[in-house]
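Structure first, commentary second.
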Amino acid sequence: SIEPEVVVEPVDDVFTAPYKPRDPSTSSDENVSDSSTTLTPKSTVFRRFSFKKLLGSNGSNGSNGSQTQWHDRHFVVRDELTIVVALPATLCQGRTGRARRVKGHFSAYTPAGDVIEMILERCSDYLAPDADTSSLKLCCFDEDTETWAWLENAKSLYEQKVLEDAFFELKSPLPEFRFVRIALPQVESLVTIEYDQFTRAESVLDEVLGLHEHEMDTRQGEFALFHTRLNTRMKVSDSMISYEILSQDMLECKLVGGRLAPVTLNVAVPALQSARKIRMTLDQTVGDLVSTVLRRLPNPTSSQWRNYALYLHPRLRLSGSGIWLEDYKFLSSYKLAEKDHIEFREKYKTLSFELCVFPMVSSRSWRSHSISAEDSSKVFMAFKAIQLEVAEFATVQDVVSGIKEMNCLDYPECFYGLYHINGKRLMPEQPLWQCIVADQTQTTSFVVRMIPVKVDVSLNHEPNETLEKLALDLSQPGWLIRESLCRRYGIRFPENCSIQAEGIGILDVTSSLLQQGVVEETSLRVIVSQGKRQRIVSRQKERMSHIDMLEYELEDSPSLERRSAIEKSQKSPVRGLKKNCPLRRSFMEHDDGENFWDEGPDCRTNIRFSTSRGPDGSPIHTVAAATFNKLVQQLTHSDHHDLDFVHTFLLSYQTFTTPENLLAKLIQRYHIVRPADMSYSDFGNMRTSIQARVINALRLWVEHVDDFKGNVNLQTRLLNFISSILYNDWPKLCCRLRRNLVAIREQEKEKKGTWSLKPKPRLRLPAHVGHVVSLFDFHAEEIARQITLIDFKMFAAIKPSELLNQSWCRPKYKHKAQNLLKVIERVNRITRWVATAILSQNTARDRARRMILFIELAHYLYKMHNFNTMVAVIGGLHHSAIDRLKHTKAKLEKMDKKATKRLANMKVFINPTDNFKRLRDDLRCVDPPCIPYLGIFMADLTMIDHGNKNFSKDSLINFSKCRLIYSQVRSFKTYQRQAYNFEQIPALLNPLTNFHHLDDDALSEVSLKEEPRGKNQ
């Protein structure tokens, strides 16, 4: 049995739910007699039930006439129940900060689950966008048992014996713990209390008073909890989640009493370059003053003010620094007066730190073998993201000490340093706030890692030429140091190398260099196995000589002889030439598993160029066809950088490979193999250039292509490659790359559209806003604006990869074009919606008026350059079910000849016979913002796909086709850059998103019904 308390507080909303009759299949109460009155809608007949037996009207038991006492509680059920439901403040949005109470009139036979759905639907406009309502249930607090009682969603209110005017709360059955700070001004103390959605304010108050029962005398008066920001006293019977408690909020536990004489305080807010005069009493707390200041600031609940506090400047100029006012103390503790200089300013800065260290572990925890370039994600680095609130005068050394203590780092504190994200080390004695001010990029992310130690390193077979001083992290395991040195010297197989330290000998690759006694100025030598080195050199020479011979033989050979030479070369043991490579007809089936460094030098079997003449007559060579490896080589070429080729490749590569394969190839390219006949100095220049090109290609890939959004696997692989390899080699170059990738992963970067600085046009609202009953009460121009805002958001979400391989019309690839298909579906729905809205009118005059509105709508869409929806509206006006309405068109011509002429002229936009020439001409002339007609791009891309082969006869990727695709995709992306600068009307969002329309067959039936064939006017 549930007997909730009767609500006496005012409610925020009242509504009546649809009546639900009693389900005959529902079993009735076993104590109810058959002669009970049948309930009818809006009935006021009451039924009283005992939980044990039904009592007669005269109080007798019926059979023996003996008097029966009323021992059990009873309840009243009527056909219509009124209950009050409170939604937690954590789910609601607004400035009140309180739970929203809704009173609803429900049928007694309504299931509790339906009550929840109706309440949530009623309050949908007040729910936070990220509110999770899937697990909410109705519950109330039982004062007798001091527990929460729950309603079952499947049972009706009648079955669960719910009383009239019952009060319930919506909660999740799973505990959700939070923390709140509570100040006790009487004892100048601050406590932190943990609570969940079941905790009541009374329980929190009792716990706080119990912690300080010796210091706080409850005989002095009544203690209560106060929410300082909301400026309200919390009721002891309320749940804690009935109040919005933010992380920066602080409650107060203090006596309920009188006030001292008020005083006016001047509080300056440097962030706003303004000041506030606030009248307070000295028996109020500093927290009260902070809450009063916040209420007078713009957006007081914003996290911008989270770390702000009150700072009292010294009363005398030469008396030193000021003090921070503690929130839990009374104002009288500081003897504040009107002449005091008080500032509301930032006390702490929330800074982001990344901990990148190698823990000291036993040798068993490390692998005894090296990792490959493709498997670089398995580096055993301790990586952790940390957020700290740093005080104004905290130094770099203070932060490093705090992070070391928090994370129990192994090595002494002097081994660790704090670095800017670009690799620059910060001095230990420098205040961290000064580093942020000096940083022009305003970056608040820093890295804590081991301080590199400089050591001498060289190769055993080239000790003088390769000798150099390198800064190494000696806490790294030996196998990782070995890979880093092999990458620097261009050694492809690190597992065939070892490291020798002066005075120590051959190092163990399973332990860190620090554990093996390597210190600063120690000389290290990379020893390459002599037999293995000779085999590598001979293999490279063999490959070079074979390719040179093949080039010579094919120089002037006809195609038949050339094909024969290629077939002979495929029988060669040289790994640089492909064997039995079939002709592939689909780009998406292409998978080149050959390692980049096994491809061999350029020849006609792996890359071909086309030659054109520049403006000055000089020849220009562009890639016409090539293997995947050669395209990646051109993408990151050490001698020249073709930016147009880079953009073409990054926007069209998914026509012949996948993002995962491309990342693997770029990682292979980064691990450069030194040619056998190249000096170390020349190799160093080549390595620097190529690795910089790889990082630049990755940066452009992340910034200008949307392949990383939503692809967690791709994000993780690239982040691991950056953290374990790029950050050690090129910390400054990879800074921007890593920052953009982290922003994508945390979904903090919204890049769709750049907003104009021009003022937004004034809304065109109906004359009587309170009497708006339909979308069509708004002006056609305003409807066009609201449609355009929705359209551009969907249009800007289309990724370039969705335009490749005709993904929108091939069932196999439709999952790759979800955003494009949504826009196509919306265009079709708008076309049917226009026809449905016209046919919904009963008379020819009304249909003509509706057509005039849609003609004006298409006209305004044309002026706003929203060609995609304009074509959809014109298509609806020329729908077959509308074109046959002769009487309606006759009325239209009489009512508005200008609209009739516009309708006739608009037909040219949807005429595909001239390949949409008018739309193409307009599209070339307009300035953004613009939403082009997608049918143009899809038609052009289809022509390119059908008219050009994916591969040449010798299985090279047709890159000329990629250039044609890129020209279309690049034009498409230019329209996504600038968004529309209109004011949005939330009330029109739903009717302009969820269009209600009939299908084509139903439209034809309605059209024939309204104007049958042969009917006179």
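Note on naming: chains are A, B, ... as they come in the structure tokens, residues start from 1 per chain, ligands start from 1 in the order shown.
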Using DSSP on the backbone coordinates, identify the residues of region 49-247 of chain A assigned to alpha helix (DSSP H); present them as a list in words.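 The alpha helix (DSSP H) subset of region 49-247 of chain A is Ala112, Gly113, Asp114, Val115, Ile116, Glu117, Met118, Ile119, Leu120, Glu121, Arg122, Ala201, Glu202, Ser203, Val204, Leu205, Asp206, Glu207, Val208, Leu209, Gly210 and Leu211 of chain A.
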Tell me, as a list of chain:residue names, which residues lie within 12 Å of Asn685 (chain A), counting only C-alpha atoms; anything in the same chain fewer than 3 positions away does not count.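 Everything that qualifies: A:Arg488, A:Tyr489, A:Gly490, A:Ser638, A:Asp639, A:Ile672, A:Arg674, A:Met678, A:Ser679, A:Tyr680, A:Ser681, A:Asp682, A:Thr688, A:Ser689, A:Ile690, A:Gln691, A:Ala692.
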Go ahead and dump the residues you just picked, all heavy atoms, as a short mmCIF file (atom, residue, chain, number, x, y, z; two decimals), in the first residue's frame.
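So the final result, stored in again.cif, reads:
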```cif
data_model
loop_
_atom_site.label_atom_id
_atom_site.label_comp_id
_atom_site.auth_asym_id
_atom_site.auth_seq_id
_atom_site.Cartn_x
_atom_site.Cartn_y
_atom_site.Cartn_z
N ARG A 488 66.28 6.54 -36.62
CA ARG A 488 67.13 7.69 -36.93
C ARG A 488 68.21 7.34 -37.96
O ARG A 488 68.55 8.16 -38.81
CB ARG A 488 67.77 8.23 -35.65
CG ARG A 488 68.56 9.52 -35.87
CD ARG A 488 69.00 10.15 -34.57
NE ARG A 488 69.60 11.45 -34.81
CZ ARG A 488 68.93 12.59 -34.94
NH1 ARG A 488 67.62 12.59 -34.86
NH2 ARG A 488 69.56 13.73 -35.15
N TYR A 489 68.74 6.13 -37.88
CA TYR A 489 69.82 5.73 -38.78
C TYR A 489 69.30 4.99 -40.02
O TYR A 489 70.10 4.55 -40.85
CB TYR A 489 70.82 4.84 -38.04
CG TYR A 489 71.61 5.60 -37.00
CD1 TYR A 489 71.58 5.22 -35.67
CD2 TYR A 489 72.40 6.69 -37.36
CE1 TYR A 489 72.31 5.91 -34.71
CE2 TYR A 489 73.12 7.39 -36.42
CZ TYR A 489 73.08 7.00 -35.10
OH TYR A 489 73.80 7.70 -34.16
N GLY A 490 67.99 4.84 -40.15
CA GLY A 490 67.42 4.23 -41.35
C GLY A 490 67.59 2.73 -41.41
O GLY A 490 67.67 2.16 -42.50
N SER A 638 60.16 14.06 -50.89
CA SER A 638 61.16 14.86 -50.18
C SER A 638 61.63 16.06 -50.98
O SER A 638 62.10 17.05 -50.41
CB SER A 638 62.37 13.99 -49.83
OG SER A 638 62.95 13.43 -51.01
N ASP A 639 61.51 16.03 -52.33
CA ASP A 639 62.06 17.10 -53.15
C ASP A 639 61.04 18.15 -53.55
O ASP A 639 61.40 19.31 -53.75
CB ASP A 639 62.68 16.50 -54.43
CG ASP A 639 63.85 15.59 -54.12
OD1 ASP A 639 64.48 15.79 -53.06
OD2 ASP A 639 64.12 14.65 -54.91
N ILE A 672 61.80 5.54 -42.38
CA ILE A 672 62.57 5.60 -43.62
C ILE A 672 63.73 4.62 -43.56
O ILE A 672 64.43 4.52 -42.55
CB ILE A 672 63.08 7.03 -43.87
CG1 ILE A 672 61.91 8.00 -43.83
CG2 ILE A 672 63.83 7.13 -45.19
CD1 ILE A 672 62.32 9.45 -43.79
N ARG A 674 67.35 3.67 -45.04
CA ARG A 674 68.49 4.35 -45.67
C ARG A 674 68.99 3.53 -46.86
O ARG A 674 69.31 2.34 -46.72
CB ARG A 674 69.59 4.54 -44.64
CG ARG A 674 70.87 5.16 -45.18
CD ARG A 674 71.90 5.21 -44.09
NE ARG A 674 73.21 5.61 -44.60
CZ ARG A 674 74.32 5.63 -43.87
NH1 ARG A 674 74.26 5.25 -42.59
NH2 ARG A 674 75.47 6.00 -44.39
N MET A 678 73.92 5.78 -49.89
CA MET A 678 73.69 7.17 -49.46
C MET A 678 74.47 7.45 -48.20
O MET A 678 74.47 6.65 -47.25
CB MET A 678 72.19 7.42 -49.24
CG MET A 678 71.87 8.86 -48.84
SD MET A 678 70.09 9.15 -48.66
CE MET A 678 69.59 9.10 -50.39
N SER A 679 75.13 8.59 -48.16
CA SER A 679 75.87 8.98 -46.96
C SER A 679 74.90 9.35 -45.84
O SER A 679 73.73 9.66 -46.09
CB SER A 679 76.77 10.17 -47.27
OG SER A 679 76.00 11.31 -47.60
N TYR A 680 75.41 9.34 -44.62
CA TYR A 680 74.52 9.60 -43.49
C TYR A 680 74.05 11.04 -43.48
O TYR A 680 72.90 11.32 -43.09
CB TYR A 680 75.25 9.27 -42.19
CG TYR A 680 74.39 9.53 -40.96
CD1 TYR A 680 73.31 8.71 -40.68
CD2 TYR A 680 74.64 10.61 -40.13
CE1 TYR A 680 72.50 8.95 -39.59
CE2 TYR A 680 73.84 10.85 -39.03
CZ TYR A 680 72.77 10.02 -38.76
OH TYR A 680 71.97 10.27 -37.68
N SER A 681 74.88 11.97 -43.90
CA SER A 681 74.46 13.38 -43.91
C SER A 681 73.34 13.60 -44.92
O SER A 681 72.35 14.30 -44.62
CB SER A 681 75.65 14.28 -44.24
OG SER A 681 76.21 13.93 -45.50
N ASP A 682 73.46 13.02 -46.13
CA ASP A 682 72.39 13.13 -47.11
C ASP A 682 71.12 12.43 -46.63
O ASP A 682 70.00 12.92 -46.84
CB ASP A 682 72.82 12.54 -48.45
CG ASP A 682 73.94 13.34 -49.11
OD1 ASP A 682 74.11 14.51 -48.73
OD2 ASP A 682 74.65 12.77 -49.96
N THR A 688 64.62 14.07 -42.60
CA THR A 688 63.94 15.24 -42.05
C THR A 688 62.82 15.72 -42.96
O THR A 688 61.71 16.02 -42.50
CB THR A 688 64.96 16.37 -41.83
OG1 THR A 688 65.98 15.92 -40.94
CG2 THR A 688 64.29 17.60 -41.25
N SER A 689 63.11 15.77 -44.27
CA SER A 689 62.11 16.26 -45.22
C SER A 689 60.92 15.33 -45.31
O SER A 689 59.76 15.76 -45.24
CB SER A 689 62.76 16.44 -46.59
OG SER A 689 61.80 16.84 -47.54
N ILE A 690 61.17 14.02 -45.44
CA ILE A 690 60.06 13.07 -45.61
C ILE A 690 59.21 12.99 -44.34
O ILE A 690 57.98 12.98 -44.41
CB ILE A 690 60.62 11.69 -45.99
CG1 ILE A 690 61.23 11.73 -47.40
CG2 ILE A 690 59.52 10.62 -45.92
CD1 ILE A 690 61.85 10.43 -47.84
N GLN A 691 59.84 12.93 -43.18
CA GLN A 691 59.06 12.83 -41.94
C GLN A 691 58.22 14.09 -41.71
O GLN A 691 57.09 14.00 -41.24
CB GLN A 691 59.99 12.57 -40.76
CG GLN A 691 60.60 11.18 -40.77
CD GLN A 691 61.49 10.91 -39.59
OE1 GLN A 691 61.86 11.82 -38.84
NE2 GLN A 691 61.87 9.64 -39.39
N ALA A 692 58.77 15.24 -42.09
CA ALA A 692 57.97 16.47 -41.98
C ALA A 692 56.79 16.42 -42.95
O ALA A 692 55.68 16.87 -42.62
CB ALA A 692 58.84 17.68 -42.26
#
```
Please, what distance in Å, to one decimal, runs between CA of Val457 (chain A) and CA of Ile491 (chain A)? 14.5 Å
Write down as number ranges by chain the residues belonging to region 205-361 of chain A that are assigned strand (DSSP E or B) by DSSP computed on the backbone. A: 223-227, 232-233, 239, 243, 250-255, 262-269, 274-281, 285, 308-312, 323-324, 330, 342-346, 348-357
Which residues, written as a count of residues only, have at least one atom at most 8 Å from Asp707 (chain A), with only C-alpha atoms counted and residues fewer than 3 positions away on the same chain left out? 5
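Excluding Leu635 (chain A) itself and any same-chain residue fewer than 6 positions from it, the protein and nucleic acid residues within 9 Å of it, counting only C-alpha atoms, are His641, Asp642, Leu643, Phe645, Val646, Phe649, Arg693, Val694 and Ala697 of chain A.
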Fewer than 4 positions away in the same chain doesn't count, so skip those; otherwise give me all residues within 10 Å of Ile824 (chain A), counting only C-alpha atoms, as a CSV table (one decimal) with N, CA and C atoms, in the first residue's frame.
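Dumped everything to selection-v7.csv:
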```
chain,number,residue,atom,x,y,z
A,808,TRP,N,25.4,6.5,-52.6
A,808,TRP,CA,24.0,6.8,-52.3
A,808,TRP,C,23.0,5.8,-53.0
A,818,GLN,N,25.1,8.0,-45.0
A,818,GLN,CA,23.9,8.2,-44.2
A,818,GLN,C,23.4,9.7,-44.3
A,819,ASN,N,24.4,10.6,-44.1
A,819,ASN,CA,24.0,12.0,-44.1
A,819,ASN,C,23.4,12.5,-45.5
A,820,LEU,N,24.0,12.0,-46.6
A,820,LEU,CA,23.5,12.3,-47.9
A,820,LEU,C,22.2,11.8,-48.1
A,828,ASN,N,12.5,14.6,-50.9
A,828,ASN,CA,11.4,13.9,-51.3
A,828,ASN,C,10.2,14.1,-50.4
A,829,ARG,N,10.4,14.2,-49.1
A,829,ARG,CA,9.3,14.4,-48.2
A,829,ARG,C,8.8,15.8,-48.3
A,868,ASN,N,18.4,23.6,-53.2
A,868,ASN,CA,18.0,22.2,-53.0
A,868,ASN,C,16.6,22.1,-52.6
A,872,ALA,N,12.7,21.2,-54.4
A,872,ALA,CA,11.7,20.3,-53.8
A,872,ALA,C,10.3,20.9,-53.7
A,934,LEU,N,21.7,19.1,-54.9
A,934,LEU,CA,22.5,17.9,-54.9
A,934,LEU,C,22.4,17.1,-56.1
A,935,GLY,N,21.3,17.1,-56.8
A,935,GLY,CA,21.2,16.3,-58.0
A,935,GLY,C,22.2,16.6,-59.1
```
Counting only C-alpha atoms, figure out which residue out of A:Thr648, A:Ser445, A:Ser303, A:Thr264 gets nearest to Arg963 (chain A).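 Checking each of A:Thr648, A:Ser445, A:Ser303, A:Thr264 against Arg963 (chain A), counting only C-alpha atoms, the winner is A:Thr648.
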Please list as a PDB file with N, CA and C atoms, in the first residue's frame every residue within 12 Å of Pro412 (chain A), counting only C-alpha atoms and excluding residues in the same chain fewer than 6 positions away.
```
ATOM      1  N   MET A 360      58.704   2.150 -13.775  1.00  0.00           N
ATOM      2  CA  MET A 360      59.765   1.193 -13.466  1.00  0.00           C
ATOM      3  C   MET A 360      59.102  -0.128 -13.113  1.00  0.00           C
ATOM      4  N   VAL A 400      54.610  19.795 -10.596  1.00  0.00           N
ATOM      5  CA  VAL A 400      55.272  18.511 -10.834  1.00  0.00           C
ATOM      6  C   VAL A 400      55.262  17.672  -9.559  1.00  0.00           C
ATOM      7  N   SER A 401      55.528  18.308  -8.418  1.00  0.00           N
ATOM      8  CA  SER A 401      55.523  17.578  -7.136  1.00  0.00           C
ATOM      9  C   SER A 401      54.140  17.014  -6.845  1.00  0.00           C
ATOM     10  N   LYS A 404      53.415  14.065  -9.199  1.00  0.00           N
ATOM     11  CA  LYS A 404      54.212  12.890  -8.818  1.00  0.00           C
ATOM     12  C   LYS A 404      53.609  12.206  -7.594  1.00  0.00           C
ATOM     13  N   GLU A 405      53.167  13.007  -6.627  1.00  0.00           N
ATOM     14  CA  GLU A 405      52.593  12.428  -5.413  1.00  0.00           C
ATOM     15  C   GLU A 405      51.242  11.788  -5.691  1.00  0.00           C
ATOM     16  N   MET A 450      59.675  12.498 -18.339  1.00  0.00           N
ATOM     17  CA  MET A 450      61.059  12.446 -17.894  1.00  0.00           C
ATOM     18  C   MET A 450      61.897  13.475 -18.652  1.00  0.00           C
ATOM     19  N   ILE A 451      62.861  14.078 -17.941  1.00  0.00           N
ATOM     20  CA  ILE A 451      63.758  15.032 -18.581  1.00  0.00           C
ATOM     21  C   ILE A 451      64.780  14.257 -19.408  1.00  0.00           C
ATOM     22  N   SER A 475      64.323   6.411 -19.133  1.00  0.00           N
ATOM     23  CA  SER A 475      63.367   5.531 -18.451  1.00  0.00           C
ATOM     24  C   SER A 475      62.659   4.595 -19.422  1.00  0.00           C
TER      25      SER A 475
END
```
